[in-house]
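The structure under discussion appears below in the form of structure tokens.
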Amino acid sequence: MDHRHAIRDLQNRLANRLKLLQGQGGTAEWLAVRTGGQHYLFALRQAGEILPAFNLHPVPYTKPWFLGVLTIRGGLYGVIEFSQFVFNGLPRLPVQADSSMAISINEQLEVNCALQVDEVLGLKGSDAFVASKPPASKAPAYYARRFEDKAGLVWQACDLQILARSPEFLDISIS
């Protein structure tokens, strides 16, 4: 199965899950992803399209977490390897290349950027979690609440608007 069919299949599954949640009275609030061995939640209102993370064009003299640019619907989008950015370039777990995806940031946030993640896990509503805590004291400003699901997994919610406006995110050049 090529990447286009895999993306279309993923989008169909997500759309069906969203309809199912709405039919049951629940609402999906989050796009759940896994990257760098961690679980993250992106608010659906802040996330954009899910795209295969290939056909990147590298950009010289940029930080290691800036993977390059990708054309999305005729526009150029910078692609950030999210776990590399979060962990400031620290080594990460190897990932199967064909499973990684890029999540564009909603165009209403006015930044042409996509976040590469290892895997898109689907949609989640608040009913999927049993506990919630504020972010750790030294967490980045874009970290929102932490959630724990019924299986005991911890999910870190990220505010993509704060992320997209942070100086360290906007500074991609090697000094």
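Quick note on naming: the chains in the structure tokens go A, B, ... in the order shown, residues restart at 1 in each chain, and ligands are numbered from 1 in order of appearance.
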So that I can check the surroundings of Glu110 (chain A), please list as a compact mmCIF listing (two decimals) with C-alpha atoms, in the first residue's frame every protein, DNA and RNA residue that reaches within 10 Å of it, counting only C-alpha atoms and ignoring chain neighbours fewer than 5 positions away.
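In the end it all went to around.txt:
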# COMPACT_ATOMS: atom_id res chain seq x y z
CA ILE A 105 -0.40 23.41 12.35
CA GLN A 161 -0.40 28.32 19.37
CA ALA A 164 4.26 28.44 17.17
CA ARG A 165 4.94 31.79 18.83
Item checked: Using only C-alpha atoms: which of A:Tyr143, A:Leu76, A:Trp155, A:Leu70 has the shortest distance to Leu121 (chain A) -> A:Trp155
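Close contacts of region 44-52 of chain A, defined as residues with an atom at most 7 Å away when counting only C-alpha atoms, with chain neighbours fewer than 5 positions off set aside, comprise His3, Ile7, Glu29, Trp30, Leu31, Ser100, Met101, Ala102, Ile103, Ser104, Ile105, Asn106 and Leu160 of chain A.
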Output N, CA and C atoms for every residue in that selection, as a PDB file, in the first residue's frame.
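Output contents, as saved in selection.pdb:
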ATOM      1  N   HIS A   3       1.846   5.404   0.215  1.00  0.00           N
ATOM      2  CA  HIS A   3       1.582   6.401   1.259  1.00  0.00           C
ATOM      3  C   HIS A   3       0.238   7.100   1.078  1.00  0.00           C
ATOM      4  N   ILE A   7      -2.564   7.192   3.945  1.00  0.00           N
ATOM      5  CA  ILE A   7      -3.069   8.455   4.495  1.00  0.00           C
ATOM      6  C   ILE A   7      -4.580   8.526   4.344  1.00  0.00           C
ATOM      7  N   GLU A  29     -11.579  15.812  21.129  1.00  0.00           N
ATOM      8  CA  GLU A  29     -10.928  17.095  21.368  1.00  0.00           C
ATOM      9  C   GLU A  29      -9.468  17.078  20.940  1.00  0.00           C
ATOM     10  N   TRP A  30      -8.890  15.880  20.878  1.00  0.00           N
ATOM     11  CA  TRP A  30      -7.448  15.760  20.720  1.00  0.00           C
ATOM     12  C   TRP A  30      -7.081  14.825  19.571  1.00  0.00           C
ATOM     13  N   LEU A  31      -5.976  15.155  18.929  1.00  0.00           N
ATOM     14  CA  LEU A  31      -5.312  14.235  18.016  1.00  0.00           C
ATOM     15  C   LEU A  31      -4.177  13.628  18.827  1.00  0.00           C
ATOM     16  N   SER A 100       6.191   7.378  10.074  1.00  0.00           N
ATOM     17  CA  SER A 100       6.166   8.763  10.531  1.00  0.00           C
ATOM     18  C   SER A 100       5.215   9.593   9.681  1.00  0.00           C
ATOM     19  N   MET A 101       4.611  10.574  10.337  1.00  0.00           N
ATOM     20  CA  MET A 101       3.638  11.456   9.705  1.00  0.00           C
ATOM     21  C   MET A 101       3.969  12.895  10.062  1.00  0.00           C
ATOM     22  N   ALA A 102       3.485  13.805   9.271  1.00  0.00           N
ATOM     23  CA  ALA A 102       3.609  15.233   9.567  1.00  0.00           C
ATOM     24  C   ALA A 102       2.207  15.770   9.835  1.00  0.00           C
ATOM     25  N   ILE A 103       2.081  16.502  10.925  1.00  0.00           N
ATOM     26  CA  ILE A 103       0.818  17.136  11.294  1.00  0.00           C
ATOM     27  C   ILE A 103       1.009  18.632  11.076  1.00  0.00           C
ATOM     28  N   SER A 104       0.282  19.190  10.133  1.00  0.00           N
ATOM     29  CA  SER A 104       0.423  20.633   9.920  1.00  0.00           C
ATOM     30  C   SER A 104      -0.279  21.375  11.053  1.00  0.00           C
ATOM     31  N   ILE A 105       0.239  22.547  11.363  1.00  0.00           N
ATOM     32  CA  ILE A 105      -0.398  23.411  12.348  1.00  0.00           C
ATOM     33  C   ILE A 105      -1.494  24.176  11.614  1.00  0.00           C
ATOM     34  N   ASN A 106      -2.654  24.300  12.238  1.00  0.00           N
ATOM     35  CA  ASN A 106      -3.802  24.945  11.624  1.00  0.00           C
ATOM     36  C   ASN A 106      -3.401  26.299  11.043  1.00  0.00           C
ATOM     37  N   LEU A 160      -0.388  24.318  20.595  1.00  0.00           N
ATOM     38  CA  LEU A 160       0.357  24.592  19.364  1.00  0.00           C
ATOM     39  C   LEU A 160       0.451  26.085  19.064  1.00  0.00           C
TER      40      LEU A 160
END
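CA of Phe42 (chain A) sits 12.7 Å away from CA of Ser126 (chain A).
Across the model, the gap from CA of Val111 (chain A) to CA of Ile162 (chain A) is 11.5 Å.
Neighbours of Ser175 (chain A) closer than or equal to 12 Å, with only C-alpha atoms counted and sequence neighbours fewer than 5 positions away skipped, come out as Tyr61, Thr62 and Lys63 of chain A.
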Could you save the residues just selected, with N, CA and C atoms, as a tab-separated table (two decimals), in the first residue's frame?
chain	number	residue	atom	x	y	z
A	61	TYR	N	22.08	25.04	7.00
A	61	TYR	CA	22.34	25.96	8.10
A	61	TYR	C	21.15	26.11	9.06
A	62	THR	N	20.44	25.00	9.25
A	62	THR	CA	19.33	25.01	10.21
A	62	THR	C	19.62	24.02	11.33
A	63	LYS	N	18.92	24.17	12.41
A	63	LYS	CA	19.09	23.29	13.56
A	63	LYS	C	18.69	21.87	13.20
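Of the listed residues A:Gly125, A:Gln156, A:Ser132, A:Lys138, the one whose atoms come nearest to Thr35 (chain A) is A:Gln156, with distances taken using only C-alpha atoms.
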Next item on the list: From a DSSP pass on the backbone, collect the residues of region 20-128 of chain A flagged as strand (DSSP E or B) and hand them back as a VMD selection string.
Entry: chain A and resid 30 to 35 38 to 43 47 to 52 57 62 66 to 72 75 to 81 101 to 105 113 to 117 119 to 124
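Residues lying within 9 Å of Val154 (chain A), counting only C-alpha atoms and ignoring same-chain neighbours fewer than 6 positions away, are Gln38, His39, Tyr40, Arg146, Phe147 and Glu148 of chain A.
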Go ahead and write the selection's residues with N, CA and C atoms as an mmCIF file, in the first residue's frame.
data_model
loop_
_atom_site.group_PDB
_atom_site.id
_atom_site.type_symbol
_atom_site.label_atom_id
_atom_site.label_comp_id
_atom_site.auth_asym_id
_atom_site.auth_seq_id
_atom_site.Cartn_x
_atom_site.Cartn_y
_atom_site.Cartn_z
ATOM 1 N N GLN A 38 7.227 9.085 23.625
ATOM 2 C CA GLN A 38 6.282 9.810 24.470
ATOM 3 C C GLN A 38 4.938 9.932 23.750
ATOM 4 N N HIS A 39 3.881 10.149 24.552
ATOM 5 C CA HIS A 39 2.536 10.331 24.014
ATOM 6 C C HIS A 39 2.127 11.790 24.165
ATOM 7 N N TYR A 40 1.603 12.359 23.066
ATOM 8 C CA TYR A 40 1.218 13.768 23.043
ATOM 9 C C TYR A 40 -0.201 13.921 22.534
ATOM 10 N N ARG A 146 -1.303 17.471 31.722
ATOM 11 C CA ARG A 146 -0.944 16.069 31.493
ATOM 12 C C ARG A 146 -2.163 15.224 31.861
ATOM 13 N N PHE A 147 -2.419 14.223 31.069
ATOM 14 C CA PHE A 147 -3.563 13.349 31.293
ATOM 15 C C PHE A 147 -3.088 11.920 31.450
ATOM 16 N N GLU A 148 -3.826 11.168 32.222
ATOM 17 C CA GLU A 148 -3.556 9.733 32.364
ATOM 18 C C GLU A 148 -4.774 8.985 31.869
#
Check: Hey, which of A:Val59, A:Leu123, A:Ala32, A:Ala128 ends up closest to Ile80 (chain A)? Count only C-alpha atoms.
Finding: A:Val59
Notebook entry, point to check: In Å, how far is it from CA of Phe85 (chain A) to CA of Gly122 (chain A)?
Noted result: 22.2 Å
Next item on the list: Compile the contact shell of Glu81 (chain A) as a PyMOL selection string: residues with an atom at most 12 Å away, counting only C-alpha atoms, same-chain residues fewer than 3 positions apart removed.
Entry: chain A and resi 35-36+53+56+63-69+78+84-90+92+95+100-104+113-118+169+172
Would you export the selected residues with N, CA and C atoms as a compact mmCIF listing (two decimals), in the first residue's frame, please?
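The file below, selection_3.txt, is the result:
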# COMPACT_ATOMS: atom_id res chain seq x y z
N THR A 35 5.65 10.01 19.70
CA THR A 35 6.93 10.34 19.08
C THR A 35 8.01 10.37 20.14
N GLY A 36 9.18 9.89 19.79
CA GLY A 36 10.29 9.86 20.73
C GLY A 36 9.97 9.06 21.98
N ALA A 53 5.34 12.02 5.83
CA ALA A 53 6.54 12.84 6.05
C ALA A 53 7.65 12.42 5.10
N LEU A 56 10.71 15.66 1.58
CA LEU A 56 11.21 16.87 2.24
C LEU A 56 12.40 17.41 1.47
N LYS A 63 18.92 24.17 12.41
CA LYS A 63 19.09 23.29 13.56
C LYS A 63 18.69 21.87 13.20
N PRO A 64 19.23 20.87 13.91
CA PRO A 64 18.99 19.47 13.53
C PRO A 64 17.51 19.07 13.55
N TRP A 65 16.71 19.71 14.37
CA TRP A 65 15.29 19.37 14.45
C TRP A 65 14.47 19.95 13.31
N PHE A 66 15.05 20.88 12.54
CA PHE A 66 14.36 21.42 11.36
C PHE A 66 14.72 20.53 10.19
N LEU A 67 13.77 19.70 9.76
CA LEU A 67 14.05 18.68 8.76
C LEU A 67 14.08 19.20 7.33
N GLY A 68 13.40 20.30 7.09
CA GLY A 68 13.35 20.86 5.75
C GLY A 68 11.98 21.43 5.46
N VAL A 69 11.68 21.58 4.17
CA VAL A 69 10.38 22.11 3.78
C VAL A 69 9.63 21.09 2.94
N GLY A 78 7.58 24.51 6.77
CA GLY A 78 8.74 23.99 7.47
C GLY A 78 8.33 22.76 8.26
N GLN A 84 12.73 15.79 18.53
CA GLN A 84 14.06 16.41 18.54
C GLN A 84 13.97 17.83 19.09
N PHE A 85 12.92 18.56 18.70
CA PHE A 85 12.75 19.92 19.20
C PHE A 85 12.50 19.89 20.71
N VAL A 86 11.58 19.06 21.15
CA VAL A 86 11.22 18.99 22.57
C VAL A 86 12.44 18.64 23.41
N PHE A 87 13.21 17.68 22.97
CA PHE A 87 14.35 17.22 23.75
C PHE A 87 15.66 17.88 23.33
N ASN A 88 15.54 18.99 22.59
CA ASN A 88 16.67 19.83 22.23
C ASN A 88 17.80 19.06 21.55
N GLY A 89 17.43 18.22 20.59
CA GLY A 89 18.43 17.52 19.80
C GLY A 89 19.04 16.31 20.45
N LEU A 90 18.53 15.88 21.60
CA LEU A 90 19.07 14.68 22.24
C LEU A 90 18.78 13.46 21.39
N ARG A 92 17.35 10.06 20.04
CA ARG A 92 16.01 9.51 20.21
C ARG A 92 15.95 8.06 19.79
N VAL A 95 12.98 5.01 14.70
CA VAL A 95 11.59 4.88 14.27
C VAL A 95 11.56 4.26 12.88
N SER A 100 6.19 7.38 10.07
CA SER A 100 6.17 8.76 10.53
C SER A 100 5.21 9.59 9.68
N MET A 101 4.61 10.57 10.34
CA MET A 101 3.64 11.46 9.71
C MET A 101 3.97 12.89 10.06
N ALA A 102 3.48 13.81 9.27
CA ALA A 102 3.61 15.23 9.57
C ALA A 102 2.21 15.77 9.84
N ILE A 103 2.08 16.50 10.92
CA ILE A 103 0.82 17.14 11.29
C ILE A 103 1.01 18.63 11.08
N SER A 104 0.28 19.19 10.13
CA SER A 104 0.42 20.63 9.92
C SER A 104 -0.28 21.37 11.05
N CYS A 113 3.87 25.50 9.13
CA CYS A 113 4.75 24.54 9.77
C CYS A 113 4.00 23.22 9.97
N ALA A 114 4.77 22.14 9.98
CA ALA A 114 4.22 20.82 10.28
C ALA A 114 5.16 20.15 11.27
N LEU A 115 4.59 19.32 12.13
CA LEU A 115 5.36 18.60 13.13
C LEU A 115 5.44 17.14 12.73
N GLN A 116 6.65 16.63 12.57
CA GLN A 116 6.81 15.21 12.26
C GLN A 116 6.72 14.42 13.56
N VAL A 117 5.90 13.40 13.54
CA VAL A 117 5.74 12.50 14.68
C VAL A 117 5.94 11.07 14.20
N ASP A 118 6.21 10.17 15.13
CA ASP A 118 6.45 8.78 14.75
C ASP A 118 5.18 8.06 14.32
N PHE A 169 11.25 28.14 18.91
CA PHE A 169 10.63 27.43 17.80
C PHE A 169 10.84 28.19 16.49
N ILE A 172 15.27 28.88 13.66
CA ILE A 172 15.71 27.61 13.08
C ILE A 172 17.15 27.63 12.62
